[in-house]
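**Student:** Got a structure for you, model-v6.cif, holding mmCIF, N, CA and C atoms.
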data_structure
#
loop_
_atom_site.group_PDB
_atom_site.id
_atom_site.type_symbol
_atom_site.label_atom_id
_atom_site.label_comp_id
_atom_site.auth_asym_id
_atom_site.auth_seq_id
_atom_site.Cartn_x
_atom_site.Cartn_y
_atom_site.Cartn_z
ATOM 1 N N MET A 1 106.064 85.680 124.517
ATOM 2 C CA MET A 1 105.860 84.808 125.648
ATOM 3 C C MET A 1 104.379 84.820 126.028
ATOM 4 N N PRO A 2 103.767 83.641 126.176
ATOM 5 C CA PRO A 2 102.330 83.610 126.487
ATOM 6 C C PRO A 2 102.020 84.107 127.892
ATOM 7 N N LEU A 3 100.832 84.636 128.050
ATOM 8 C CA LEU A 3 100.320 85.056 129.346
ATOM 9 C C LEU A 3 100.138 83.812 130.213
ATOM 10 N N ARG A 4 100.652 83.826 131.422
ATOM 11 C CA ARG A 4 100.613 82.668 132.322
ATOM 12 C C ARG A 4 99.343 82.741 133.175
ATOM 13 N N VAL A 5 98.486 81.724 133.022
ATOM 14 C CA VAL A 5 97.153 81.725 133.617
ATOM 15 C C VAL A 5 97.025 80.604 134.650
ATOM 16 N N ALA A 6 96.465 80.938 135.810
ATOM 17 C CA ALA A 6 96.049 79.940 136.791
ATOM 18 C C ALA A 6 94.529 79.884 136.767
ATOM 19 N N VAL A 7 93.994 78.688 136.882
ATOM 20 C CA VAL A 7 92.547 78.506 136.906
ATOM 21 C C VAL A 7 92.171 77.856 138.233
ATOM 22 N N ALA A 8 91.208 78.447 138.939
ATOM 23 C CA ALA A 8 90.705 77.893 140.195
ATOM 24 C C ALA A 8 89.358 77.236 139.926
ATOM 25 N N VAL A 9 89.208 75.995 140.395
ATOM 26 C CA VAL A 9 87.986 75.223 140.173
ATOM 27 C C VAL A 9 87.530 74.595 141.484
ATOM 28 N N SER A 10 86.234 74.293 141.558
ATOM 29 C CA SER A 10 85.700 73.555 142.704
ATOM 30 C C SER A 10 84.985 72.285 142.263
ATOM 31 N N GLY A 11 84.707 72.169 140.974
ATOM 32 C CA GLY A 11 83.918 71.039 140.483
ATOM 33 C C GLY A 11 84.546 70.323 139.312
ATOM 34 N N GLY A 12 83.690 69.950 138.379
ATOM 35 C CA GLY A 12 84.092 69.106 137.258
ATOM 36 C C GLY A 12 85.069 69.716 136.287
ATOM 37 N N GLY A 13 85.102 71.022 136.205
ATOM 38 C CA GLY A 13 86.089 71.678 135.358
ATOM 39 C C GLY A 13 85.712 71.820 133.896
ATOM 40 N N THR A 14 84.419 71.940 133.598
ATOM 41 C CA THR A 14 84.036 72.094 132.189
ATOM 42 C C THR A 14 84.526 73.420 131.611
ATOM 43 N N ASP A 15 84.504 74.473 132.414
ATOM 44 C CA ASP A 15 85.037 75.748 131.928
ATOM 45 C C ASP A 15 86.554 75.667 131.774
ATOM 46 N N LEU A 16 87.212 74.976 132.678
ATOM 47 C CA LEU A 16 88.653 74.739 132.537
ATOM 48 C C LEU A 16 88.931 74.012 131.231
ATOM 49 N N GLN A 17 88.151 72.980 130.932
ATOM 50 C CA GLN A 17 88.355 72.222 129.699
ATOM 51 C C GLN A 17 88.212 73.127 128.483
ATOM 52 N N ALA A 18 87.232 74.008 128.506
ATOM 53 C CA ALA A 18 87.043 74.939 127.393
ATOM 54 C C ALA A 18 88.275 75.828 127.227
ATOM 55 N N LEU A 19 88.851 76.273 128.335
ATOM 56 C CA LEU A 19 90.070 77.086 128.265
ATOM 57 C C LEU A 19 91.240 76.272 127.712
ATOM 58 N N LEU A 20 91.396 75.057 128.206
ATOM 59 C CA LEU A 20 92.492 74.204 127.724
ATOM 60 C C LEU A 20 92.350 73.936 126.225
ATOM 61 N N ASP A 21 91.126 73.710 125.776
ATOM 62 C CA ASP A 21 90.881 73.464 124.349
ATOM 63 C C ASP A 21 91.134 74.705 123.504
ATOM 64 N N ALA A 22 90.821 75.863 124.057
ATOM 65 C CA ALA A 22 90.958 77.122 123.315
ATOM 66 C C ALA A 22 92.392 77.654 123.303
ATOM 67 N N LEU A 23 93.245 77.105 124.161
ATOM 68 C CA LEU A 23 94.610 77.614 124.293
ATOM 69 C C LEU A 23 95.644 76.519 123.999
ATOM 70 N N PRO A 24 95.716 76.076 122.749
ATOM 71 C CA PRO A 24 96.717 75.060 122.410
ATOM 72 C C PRO A 24 98.122 75.669 122.459
ATOM 73 N N PRO A 25 99.155 74.818 122.435
ATOM 74 C CA PRO A 25 100.526 75.352 122.420
ATOM 75 C C PRO A 25 100.696 76.406 121.332
ATOM 76 N N GLY A 26 101.402 77.466 121.682
ATOM 77 C CA GLY A 26 101.618 78.567 120.752
ATOM 78 C C GLY A 26 100.593 79.681 120.860
ATOM 79 N N SER A 27 99.603 79.513 121.741
ATOM 80 C CA SER A 27 98.577 80.540 121.931
ATOM 81 C C SER A 27 99.146 81.734 122.692
ATOM 82 N N ALA A 28 98.370 82.799 122.723
ATOM 83 C CA ALA A 28 98.781 84.013 123.434
ATOM 84 C C ALA A 28 98.721 83.835 124.950
ATOM 85 N N ALA A 29 98.038 82.779 125.419
ATOM 86 C CA ALA A 29 97.945 82.497 126.848
ATOM 87 C C ALA A 29 98.107 80.999 127.059
ATOM 88 N N GLU A 30 98.537 80.642 128.280
ATOM 89 C CA GLU A 30 98.777 79.244 128.609
ATOM 90 C C GLU A 30 98.338 78.984 130.050
ATOM 91 N N VAL A 31 97.560 77.914 130.253
ATOM 92 C CA VAL A 31 97.179 77.522 131.607
ATOM 93 C C VAL A 31 98.387 76.815 132.220
ATOM 94 N N VAL A 32 98.937 77.410 133.290
ATOM 95 C CA VAL A 32 100.156 76.877 133.911
ATOM 96 C C VAL A 32 99.908 76.278 135.290
ATOM 97 N N LEU A 33 98.670 76.443 135.799
ATOM 98 C CA LEU A 33 98.366 75.950 137.136
ATOM 99 C C LEU A 33 96.852 75.854 137.292
ATOM 100 N N VAL A 34 96.419 74.782 137.958
ATOM 101 C CA VAL A 34 95.017 74.651 138.356
ATOM 102 C C VAL A 34 94.997 74.426 139.856
ATOM 103 N N VAL A 35 94.174 75.190 140.558
ATOM 104 C CA VAL A 35 94.042 75.050 142.008
ATOM 105 C C VAL A 35 92.591 74.753 142.350
ATOM 106 N N SER A 36 92.412 74.045 143.465
ATOM 107 C CA SER A 36 91.058 73.736 143.918
ATOM 108 C C SER A 36 91.008 73.696 145.430
ATOM 109 N N ASN A 37 89.818 73.903 145.939
ATOM 110 C CA ASN A 37 89.563 73.757 147.364
ATOM 111 C C ASN A 37 89.059 72.353 147.688
ATOM 112 N N LYS A 38 88.855 71.516 146.675
ATOM 113 C CA LYS A 38 88.296 70.175 146.864
ATOM 114 C C LYS A 38 89.182 69.131 146.200
ATOM 115 N N ALA A 39 89.595 68.131 146.980
ATOM 116 C CA ALA A 39 90.436 67.055 146.444
ATOM 117 C C ALA A 39 89.724 66.251 145.364
ATOM 118 N N ALA A 40 88.396 66.164 145.442
ATOM 119 C CA ALA A 40 87.632 65.374 144.486
ATOM 120 C C ALA A 40 87.180 66.167 143.257
ATOM 121 N N ALA A 41 87.614 67.401 143.119
ATOM 122 C CA ALA A 41 87.197 68.218 141.964
ATOM 123 C C ALA A 41 87.678 67.581 140.670
ATOM 124 N N GLY A 42 86.762 67.352 139.756
ATOM 125 C CA GLY A 42 87.108 66.749 138.472
ATOM 126 C C GLY A 42 88.055 67.594 137.652
ATOM 127 N N GLY A 43 88.047 68.890 137.894
ATOM 128 C CA GLY A 43 88.948 69.781 137.167
ATOM 129 C C GLY A 43 90.410 69.454 137.407
ATOM 130 N N LEU A 44 90.734 68.903 138.572
ATOM 131 C CA LEU A 44 92.126 68.537 138.864
ATOM 132 C C LEU A 44 92.609 67.435 137.916
ATOM 133 N N GLU A 45 91.751 66.457 137.680
ATOM 134 C CA GLU A 45 92.127 65.378 136.752
ATOM 135 C C GLU A 45 92.224 65.894 135.325
ATOM 136 N N ARG A 46 91.341 66.795 134.940
ATOM 137 C CA ARG A 46 91.426 67.399 133.594
ATOM 138 C C ARG A 46 92.778 68.089 133.428
ATOM 139 N N ALA A 47 93.195 68.813 134.451
ATOM 140 C CA ALA A 47 94.488 69.498 134.390
ATOM 141 C C ALA A 47 95.612 68.489 134.227
ATOM 142 N N ARG A 48 95.601 67.448 135.058
ATOM 143 C CA ARG A 48 96.670 66.446 134.998
ATOM 144 C C ARG A 48 96.749 65.786 133.626
ATOM 145 N N ARG A 49 95.597 65.497 133.026
ATOM 146 C CA ARG A 49 95.580 64.887 131.685
ATOM 147 C C ARG A 49 96.237 65.790 130.649
ATOM 148 N N HIS A 50 96.228 67.086 130.890
ATOM 149 C CA HIS A 50 96.846 68.051 129.968
ATOM 150 C C HIS A 50 98.256 68.440 130.406
ATOM 151 N N GLY A 51 98.765 67.792 131.420
ATOM 152 C CA GLY A 51 100.121 68.086 131.883
ATOM 153 C C GLY A 51 100.250 69.383 132.651
ATOM 154 N N VAL A 52 99.137 69.869 133.189
ATOM 155 C CA VAL A 52 99.130 71.120 133.955
ATOM 156 C C VAL A 52 99.188 70.773 135.442
ATOM 157 N N PRO A 53 100.076 71.380 136.206
ATOM 158 C CA PRO A 53 100.119 71.123 137.645
ATOM 159 C C PRO A 53 98.765 71.410 138.286
ATOM 160 N N ALA A 54 98.322 70.473 139.139
ATOM 161 C CA ALA A 54 97.030 70.587 139.819
ATOM 162 C C ALA A 54 97.270 70.509 141.320
ATOM 163 N N VAL A 55 96.837 71.542 142.043
ATOM 164 C CA VAL A 55 97.134 71.656 143.469
ATOM 165 C C VAL A 55 95.843 71.830 144.260
ATOM 166 N N ILE A 56 95.752 71.095 145.367
ATOM 167 C CA ILE A 56 94.643 71.253 146.299
ATOM 168 C C ILE A 56 95.121 72.201 147.396
ATOM 169 N N LEU A 57 94.411 73.286 147.579
ATOM 170 C CA LEU A 57 94.776 74.257 148.604
ATOM 171 C C LEU A 57 94.575 73.641 149.992
ATOM 172 N N ALA A 58 95.569 73.711 150.847
ATOM 173 C CA ALA A 58 95.449 73.206 152.219
ATOM 174 C C ALA A 58 94.418 74.020 152.986
ATOM 175 N N ASP A 59 94.426 75.333 152.766
ATOM 176 C CA ASP A 59 93.483 76.239 153.425
ATOM 177 C C ASP A 59 93.107 77.337 152.434
ATOM 178 N N PRO A 60 91.962 77.191 151.777
ATOM 179 C CA PRO A 60 91.566 78.184 150.765
ATOM 180 C C PRO A 60 91.478 79.622 151.285
ATOM 181 N N ALA A 61 91.386 79.803 152.592
ATOM 182 C CA ALA A 61 91.309 81.149 153.178
ATOM 183 C C ALA A 61 92.686 81.731 153.475
ATOM 184 N N ASP A 62 93.734 80.965 153.248
ATOM 185 C CA ASP A 62 95.099 81.396 153.555
ATOM 186 C C ASP A 62 95.701 82.154 152.367
ATOM 187 N N ALA A 63 95.709 83.459 152.459
ATOM 188 C CA ALA A 63 96.222 84.293 151.367
ATOM 189 C C ALA A 63 97.683 84.003 151.077
ATOM 190 N N ALA A 64 98.473 83.757 152.104
ATOM 191 C CA ALA A 64 99.902 83.492 151.901
ATOM 192 C C ALA A 64 100.110 82.239 151.060
ATOM 193 N N GLU A 65 99.290 81.206 151.286
ATOM 194 C CA GLU A 65 99.395 79.979 150.481
ATOM 195 C C GLU A 65 99.114 80.281 149.012
ATOM 196 N N TRP A 66 98.039 81.012 148.754
ATOM 197 C CA TRP A 66 97.696 81.404 147.385
ATOM 198 C C TRP A 66 98.840 82.192 146.743
ATOM 199 N N ILE A 67 99.271 83.236 147.415
ATOM 200 C CA ILE A 67 100.269 84.144 146.841
ATOM 201 C C ILE A 67 101.577 83.406 146.581
ATOM 202 N N ASP A 68 101.983 82.541 147.497
ATOM 203 C CA ASP A 68 103.192 81.754 147.291
ATOM 204 C C ASP A 68 103.055 80.838 146.077
ATOM 205 N N LEU A 69 101.946 80.132 145.997
ATOM 206 C CA LEU A 69 101.710 79.200 144.898
ATOM 207 C C LEU A 69 101.660 79.925 143.551
ATOM 208 N N LEU A 70 100.912 81.008 143.477
ATOM 209 C CA LEU A 70 100.806 81.769 142.234
ATOM 210 C C LEU A 70 102.160 82.359 141.844
ATOM 211 N N GLY A 71 102.904 82.826 142.823
ATOM 212 C CA GLY A 71 104.227 83.384 142.555
ATOM 213 C C GLY A 71 105.193 82.343 142.033
ATOM 214 N N ARG A 72 105.195 81.148 142.644
ATOM 215 C CA ARG A 72 106.114 80.086 142.191
ATOM 216 C C ARG A 72 105.850 79.681 140.748
ATOM 217 N N HIS A 73 104.600 79.805 140.313
ATOM 218 C CA HIS A 73 104.250 79.445 138.936
ATOM 219 C C HIS A 73 104.244 80.664 138.008
ATOM 220 N N ARG A 74 104.692 81.801 138.542
ATOM 221 C CA ARG A 74 104.788 83.045 137.767
ATOM 222 C C ARG A 74 103.468 83.393 137.059
ATOM 223 N N VAL A 75 102.370 83.229 137.792
ATOM 224 C CA VAL A 75 101.032 83.479 137.259
ATOM 225 C C VAL A 75 100.825 84.969 137.052
ATOM 226 N N GLU A 76 100.257 85.312 135.907
ATOM 227 C CA GLU A 76 99.959 86.706 135.566
ATOM 228 C C GLU A 76 98.462 87.005 135.595
ATOM 229 N N LEU A 77 97.631 85.966 135.430
ATOM 230 C CA LEU A 77 96.176 86.124 135.395
ATOM 231 C C LEU A 77 95.558 84.948 136.133
ATOM 232 N N VAL A 78 94.558 85.231 136.975
ATOM 233 C CA VAL A 78 93.829 84.190 137.694
ATOM 234 C C VAL A 78 92.414 84.149 137.146
ATOM 235 N N VAL A 79 91.964 82.951 136.763
ATOM 236 C CA VAL A 79 90.604 82.752 136.277
ATOM 237 C C VAL A 79 89.871 81.880 137.280
ATOM 238 N N LEU A 80 88.786 82.389 137.832
ATOM 239 C CA LEU A 80 87.933 81.627 138.737
ATOM 240 C C LEU A 80 86.852 80.986 137.874
ATOM 241 N N ALA A 81 86.985 79.689 137.654
ATOM 242 C CA ALA A 81 86.097 78.968 136.729
ATOM 243 C C ALA A 81 85.240 77.987 137.528
ATOM 244 N N GLY A 82 84.179 78.509 138.121
ATOM 245 C CA GLY A 82 83.350 77.678 138.971
ATOM 246 C C GLY A 82 83.997 77.433 140.319
ATOM 247 N N TYR A 83 84.832 78.359 140.752
ATOM 248 C CA TYR A 83 85.452 78.260 142.068
ATOM 249 C C TYR A 83 84.453 78.787 143.092
ATOM 250 N N LEU A 84 84.095 77.949 144.074
ATOM 251 C CA LEU A 84 82.974 78.260 144.952
ATOM 252 C C LEU A 84 83.350 78.762 146.342
ATOM 253 N N LYS A 85 84.548 79.254 146.495
ATOM 254 C CA LYS A 85 84.987 79.822 147.774
ATOM 255 C C LYS A 85 85.352 81.281 147.569
ATOM 256 N N LEU A 86 85.354 82.016 148.663
ATOM 257 C CA LEU A 86 85.792 83.404 148.627
ATOM 258 C C LEU A 86 87.316 83.441 148.514
ATOM 259 N N VAL A 87 87.827 84.196 147.584
ATOM 260 C CA VAL A 87 89.274 84.367 147.444
ATOM 261 C C VAL A 87 89.714 85.399 148.484
ATOM 262 N N PRO A 88 90.772 85.101 149.240
ATOM 263 C CA PRO A 88 91.215 86.045 150.269
ATOM 264 C C PRO A 88 91.487 87.447 149.706
ATOM 265 N N GLY A 89 91.135 88.450 150.489
ATOM 266 C CA GLY A 89 91.302 89.843 150.059
ATOM 267 C C GLY A 89 92.721 90.194 149.662
ATOM 268 N N ALA A 90 93.706 89.644 150.347
ATOM 269 C CA ALA A 90 95.105 89.943 150.006
ATOM 270 C C ALA A 90 95.472 89.401 148.629
ATOM 271 N N VAL A 91 94.838 88.309 148.218
ATOM 272 C CA VAL A 91 95.084 87.754 146.880
ATOM 273 C C VAL A 91 94.448 88.676 145.841
ATOM 274 N N VAL A 92 93.231 89.106 146.123
ATOM 275 C CA VAL A 92 92.549 90.040 145.207
ATOM 276 C C VAL A 92 93.379 91.306 145.059
ATOM 277 N N ALA A 93 93.929 91.808 146.146
ATOM 278 C CA ALA A 93 94.759 93.014 146.087
ATOM 279 C C ALA A 93 96.046 92.760 145.302
ATOM 280 N N ALA A 94 96.671 91.625 145.531
ATOM 281 C CA ALA A 94 97.929 91.311 144.845
ATOM 282 C C ALA A 94 97.723 91.123 143.351
ATOM 283 N N TYR A 95 96.540 90.671 142.950
ATOM 284 C CA TYR A 95 96.246 90.426 141.536
ATOM 285 C C TYR A 95 95.170 91.383 141.024
ATOM 286 N N ARG A 96 95.180 92.582 141.560
ATOM 287 C CA ARG A 96 94.209 93.609 141.159
ATOM 288 C C ARG A 96 94.203 93.756 139.639
ATOM 289 N N ASP A 97 93.012 93.738 139.077
ATOM 290 C CA ASP A 97 92.795 93.855 137.630
ATOM 291 C C ASP A 97 93.371 92.666 136.858
ATOM 292 N N ARG A 98 93.684 91.571 137.576
ATOM 293 C CA ARG A 98 94.207 90.381 136.906
ATOM 294 C C ARG A 98 93.501 89.120 137.398
ATOM 295 N N ILE A 99 92.231 89.281 137.818
ATOM 296 C CA ILE A 99 91.387 88.153 138.205
ATOM 297 C C ILE A 99 90.080 88.255 137.425
ATOM 298 N N ILE A 100 89.704 87.135 136.827
ATOM 299 C CA ILE A 100 88.456 87.065 136.083
ATOM 300 C C ILE A 100 87.601 85.972 136.713
ATOM 301 N N ASN A 101 86.345 86.269 137.005
ATOM 302 C CA ASN A 101 85.427 85.276 137.563
ATOM 303 C C ASN A 101 84.420 84.907 136.480
ATOM 304 N N ILE A 102 84.436 83.629 136.081
ATOM 305 C CA ILE A 102 83.474 83.164 135.068
ATOM 306 C C ILE A 102 82.595 82.101 135.689
ATOM 307 N N HIS A 103 81.402 81.935 135.156
ATOM 308 C CA HIS A 103 80.440 80.940 135.635
ATOM 309 C C HIS A 103 79.946 80.136 134.446
ATOM 310 N N PRO A 104 79.649 78.851 134.682
ATOM 311 C CA PRO A 104 79.115 78.038 133.574
ATOM 312 C C PRO A 104 77.728 78.510 133.162
#
Represent the structure of the file as structure tokens.

**Tutor:**
Amino acid sequence: MPLRVAVAVSGGGTDLQALLDALPPGSAAEVVLVVSNKAAAGGLERARRHGVPAVILADPADAAEWIDLLGRHRVELVVLAGYLKLVPGAVVAAYRDRIINIHP
């Protein structure tokens, strides 16, 4: 069973695209959710084009919203790919050692 990955983006999503390209069906990991703090983030459209659920956070500072969303999608790893907001401390604690922050 592939590792279930959520990707958080704030912009165009070029790093997200690289992940989607590198993880075709049958890979050891699969992007199962894309979240953003911005409705206009290009990464959301990239996700939709690949059939990945794309969600705009109502309140990026709301840890309960994050944890609920990640839990519903059974996320095992969170990748911050150009995500420009602070992730709530409770989310960091809940996903301890399972969050990766990458920059373009």

**Student:** Please report the interatomic distance between atom CA of Ala61 of chain A and atom CA of Lys85 of chain A in Å with one decimal.

**Tutor:**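 Value for the atom CA of Ala61 of chain A-atom CA of Lys85 of chain A distance: 8.4 Å.
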
**Student:** Give me the residues near Leu86 of chain A as a list in words, where near means some atom within 7 Å (using only N, CA and C atoms) and where sequence neighbours in that chain fewer than 2 positions away do not count.

**Tutor:** Pro60, Ala61, Tyr83, Leu84, Pro88 and Gly89 of chain A

**Student:** Would you pick out the contacts of segment 41-50 of chain A at 8 Å or less, using all atoms listed in the file, so that residues sharing its chain but fewer than 4 positions from it are not included, and give the list as a PyMOL selection string?

**Tutor:** chain A and resi 8-14+16-17+20+33-37+54-56

**Student:** Select, counting all atoms listed in the file, all protein, DNA and RNA residues no farther than 8 Å from (101.0, 82.4, 130.7) in file coordinates, and express the selection as a list of chain:residue names.

**Tutor:**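 Residues lying no farther than 8 Å from the given point: A:Met1, A:Pro2, A:Leu3, A:Arg4, A:Val5, A:Ala6, A:Ala28, A:Ala29, A:Glu30, A:Val31, A:Val32, A:Arg74, A:Val75, A:Glu76, A:Leu77.
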
**Student:** Would you save the residues of that selection, restricted to N, CA and C atoms, as a PDB file, keeping the file's coordinate frame?

**Tutor:**
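Ended up saving to out05.pdb:
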ATOM      1  N   MET A   1     106.064  85.680 124.517  1.00  0.00           N
ATOM      2  CA  MET A   1     105.860  84.808 125.648  1.00  0.00           C
ATOM      3  C   MET A   1     104.379  84.820 126.028  1.00  0.00           C
ATOM      4  N   PRO A   2     103.767  83.641 126.176  1.00  0.00           N
ATOM      5  CA  PRO A   2     102.330  83.610 126.487  1.00  0.00           C
ATOM      6  C   PRO A   2     102.020  84.107 127.892  1.00  0.00           C
ATOM      7  N   LEU A   3     100.832  84.636 128.050  1.00  0.00           N
ATOM      8  CA  LEU A   3     100.320  85.056 129.346  1.00  0.00           C
ATOM      9  C   LEU A   3     100.138  83.812 130.213  1.00  0.00           C
ATOM     10  N   ARG A   4     100.652  83.826 131.422  1.00  0.00           N
ATOM     11  CA  ARG A   4     100.613  82.668 132.322  1.00  0.00           C
ATOM     12  C   ARG A   4      99.343  82.741 133.175  1.00  0.00           C
ATOM     13  N   VAL A   5      98.486  81.724 133.022  1.00  0.00           N
ATOM     14  CA  VAL A   5      97.153  81.725 133.617  1.00  0.00           C
ATOM     15  C   VAL A   5      97.025  80.604 134.650  1.00  0.00           C
ATOM     16  N   ALA A   6      96.465  80.938 135.810  1.00  0.00           N
ATOM     17  CA  ALA A   6      96.049  79.940 136.791  1.00  0.00           C
ATOM     18  C   ALA A   6      94.529  79.884 136.767  1.00  0.00           C
ATOM     19  N   ALA A  28      98.370  82.799 122.723  1.00  0.00           N
ATOM     20  CA  ALA A  28      98.781  84.013 123.434  1.00  0.00           C
ATOM     21  C   ALA A  28      98.721  83.835 124.950  1.00  0.00           C
ATOM     22  N   ALA A  29      98.038  82.779 125.419  1.00  0.00           N
ATOM     23  CA  ALA A  29      97.945  82.497 126.848  1.00  0.00           C
ATOM     24  C   ALA A  29      98.107  80.999 127.059  1.00  0.00           C
ATOM     25  N   GLU A  30      98.537  80.642 128.280  1.00  0.00           N
ATOM     26  CA  GLU A  30      98.777  79.244 128.609  1.00  0.00           C
ATOM     27  C   GLU A  30      98.338  78.984 130.050  1.00  0.00           C
ATOM     28  N   VAL A  31      97.560  77.914 130.253  1.00  0.00           N
ATOM     29  CA  VAL A  31      97.179  77.522 131.607  1.00  0.00           C
ATOM     30  C   VAL A  31      98.387  76.815 132.220  1.00  0.00           C
ATOM     31  N   VAL A  32      98.937  77.410 133.290  1.00  0.00           N
ATOM     32  CA  VAL A  32     100.156  76.877 133.911  1.00  0.00           C
ATOM     33  C   VAL A  32      99.908  76.278 135.290  1.00  0.00           C
ATOM     34  N   ARG A  74     104.692  81.801 138.542  1.00  0.00           N
ATOM     35  CA  ARG A  74     104.788  83.045 137.767  1.00  0.00           C
ATOM     36  C   ARG A  74     103.468  83.393 137.059  1.00  0.00           C
ATOM     37  N   VAL A  75     102.370  83.229 137.792  1.00  0.00           N
ATOM     38  CA  VAL A  75     101.032  83.479 137.259  1.00  0.00           C
ATOM     39  C   VAL A  75     100.825  84.969 137.052  1.00  0.00           C
ATOM     40  N   GLU A  76     100.257  85.312 135.907  1.00  0.00           N
ATOM     41  CA  GLU A  76      99.959  86.706 135.566  1.00  0.00           C
ATOM     42  C   GLU A  76      98.462  87.005 135.595  1.00  0.00           C
ATOM     43  N   LEU A  77      97.631  85.966 135.430  1.00  0.00           N
ATOM     44  CA  LEU A  77      96.176  86.124 135.395  1.00  0.00           C
ATOM     45  C   LEU A  77      95.558  84.948 136.133  1.00  0.00           C
TER      46      LEU A  77
END

**Student:** Hey, can you check how far atom CA of Arg98 of chain A sits from atom CA of Val79 of chain A?

**Tutor:** 8.5 Å

**Student:** Calculate how many Å separate atom C of Ile102 of chain A from atom N of Val7 of chain A, rounding to one decimal.

**Tutor:**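 Atom N of Val7 of chain A lies at a distance of 12.0 Å from atom C of Ile102 of chain A.
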
**Student:** Enumerate the residues of segment 4-97 of chain A with a DSSP assignment of strand (DSSP E), computed from the backbone, and present them as number ranges by chain.

**Tutor:** A: 4-9, 29-36, 54-56, 77-81

**Student:** Would you mind exporting N, CA and C atoms of the selected residues as a short mmCIF file (atom, residue, chain, number, x, y, z; two decimals), keeping the file's coordinate frame?

**Tutor:**
data_model
loop_
_atom_site.label_atom_id
_atom_site.label_comp_id
_atom_site.auth_asym_id
_atom_site.auth_seq_id
_atom_site.Cartn_x
_atom_site.Cartn_y
_atom_site.Cartn_z
N ARG A 4 100.65 83.83 131.42
CA ARG A 4 100.61 82.67 132.32
C ARG A 4 99.34 82.74 133.18
N VAL A 5 98.49 81.72 133.02
CA VAL A 5 97.15 81.72 133.62
C VAL A 5 97.02 80.60 134.65
N ALA A 6 96.46 80.94 135.81
CA ALA A 6 96.05 79.94 136.79
C ALA A 6 94.53 79.88 136.77
N VAL A 7 93.99 78.69 136.88
CA VAL A 7 92.55 78.51 136.91
C VAL A 7 92.17 77.86 138.23
N ALA A 8 91.21 78.45 138.94
CA ALA A 8 90.70 77.89 140.20
C ALA A 8 89.36 77.24 139.93
N VAL A 9 89.21 76.00 140.40
CA VAL A 9 87.99 75.22 140.17
C VAL A 9 87.53 74.60 141.48
N ALA A 29 98.04 82.78 125.42
CA ALA A 29 97.94 82.50 126.85
C ALA A 29 98.11 81.00 127.06
N GLU A 30 98.54 80.64 128.28
CA GLU A 30 98.78 79.24 128.61
C GLU A 30 98.34 78.98 130.05
N VAL A 31 97.56 77.91 130.25
CA VAL A 31 97.18 77.52 131.61
C VAL A 31 98.39 76.82 132.22
N VAL A 32 98.94 77.41 133.29
CA VAL A 32 100.16 76.88 133.91
C VAL A 32 99.91 76.28 135.29
N LEU A 33 98.67 76.44 135.80
CA LEU A 33 98.37 75.95 137.14
C LEU A 33 96.85 75.85 137.29
N VAL A 34 96.42 74.78 137.96
CA VAL A 34 95.02 74.65 138.36
C VAL A 34 95.00 74.43 139.86
N VAL A 35 94.17 75.19 140.56
CA VAL A 35 94.04 75.05 142.01
C VAL A 35 92.59 74.75 142.35
N SER A 36 92.41 74.04 143.46
CA SER A 36 91.06 73.74 143.92
C SER A 36 91.01 73.70 145.43
N ALA A 54 98.32 70.47 139.14
CA ALA A 54 97.03 70.59 139.82
C ALA A 54 97.27 70.51 141.32
N VAL A 55 96.84 71.54 142.04
CA VAL A 55 97.13 71.66 143.47
C VAL A 55 95.84 71.83 144.26
N ILE A 56 95.75 71.10 145.37
CA ILE A 56 94.64 71.25 146.30
C ILE A 56 95.12 72.20 147.40
N LEU A 77 97.63 85.97 135.43
CA LEU A 77 96.18 86.12 135.40
C LEU A 77 95.56 84.95 136.13
N VAL A 78 94.56 85.23 136.98
CA VAL A 78 93.83 84.19 137.69
C VAL A 78 92.41 84.15 137.15
N VAL A 79 91.96 82.95 136.76
CA VAL A 79 90.60 82.75 136.28
C VAL A 79 89.87 81.88 137.28
N LEU A 80 88.79 82.39 137.83
CA LEU A 80 87.93 81.63 138.74
C LEU A 80 86.85 80.99 137.87
N ALA A 81 86.98 79.69 137.65
CA ALA A 81 86.10 78.97 136.73
C ALA A 81 85.24 77.99 137.53
#

**Student:** Calculated over only N, CA and C atoms, which of the candidates A:Leu23, A:Val87, A:Ala81, A:Ala93 has the smallest distance to Asp62 of chain A?

**Tutor:**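 Selected residue with least distance to Asp62 of chain A: A:Val87.
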
**Student:** Pull the helix (DSSP H, G or I) assignments for segment 39-69 of chain A out of DSSP run on the backbone, and list those residues as a ChimeraX atom specification.

**Tutor:** /A:42-49,63-69

**Student:** Just checking: using only C-alpha atoms, which residue out of A:Ala90, A:Ser27, A:Tyr95, A:Ala18 ends up closest to Ala63 of chain A?

**Tutor:**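 Among A:Ala90, A:Ser27, A:Tyr95, A:Ala18, it is A:Ala90 that comes nearest to Ala63 of chain A.
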
**Student:** Nearest to Ile67 of chain A among A:Ile99, A:Val92, A:Val52, A:Leu80, with distances taken over only C-alpha atoms: which residue is it?

**Tutor:** A:Val92
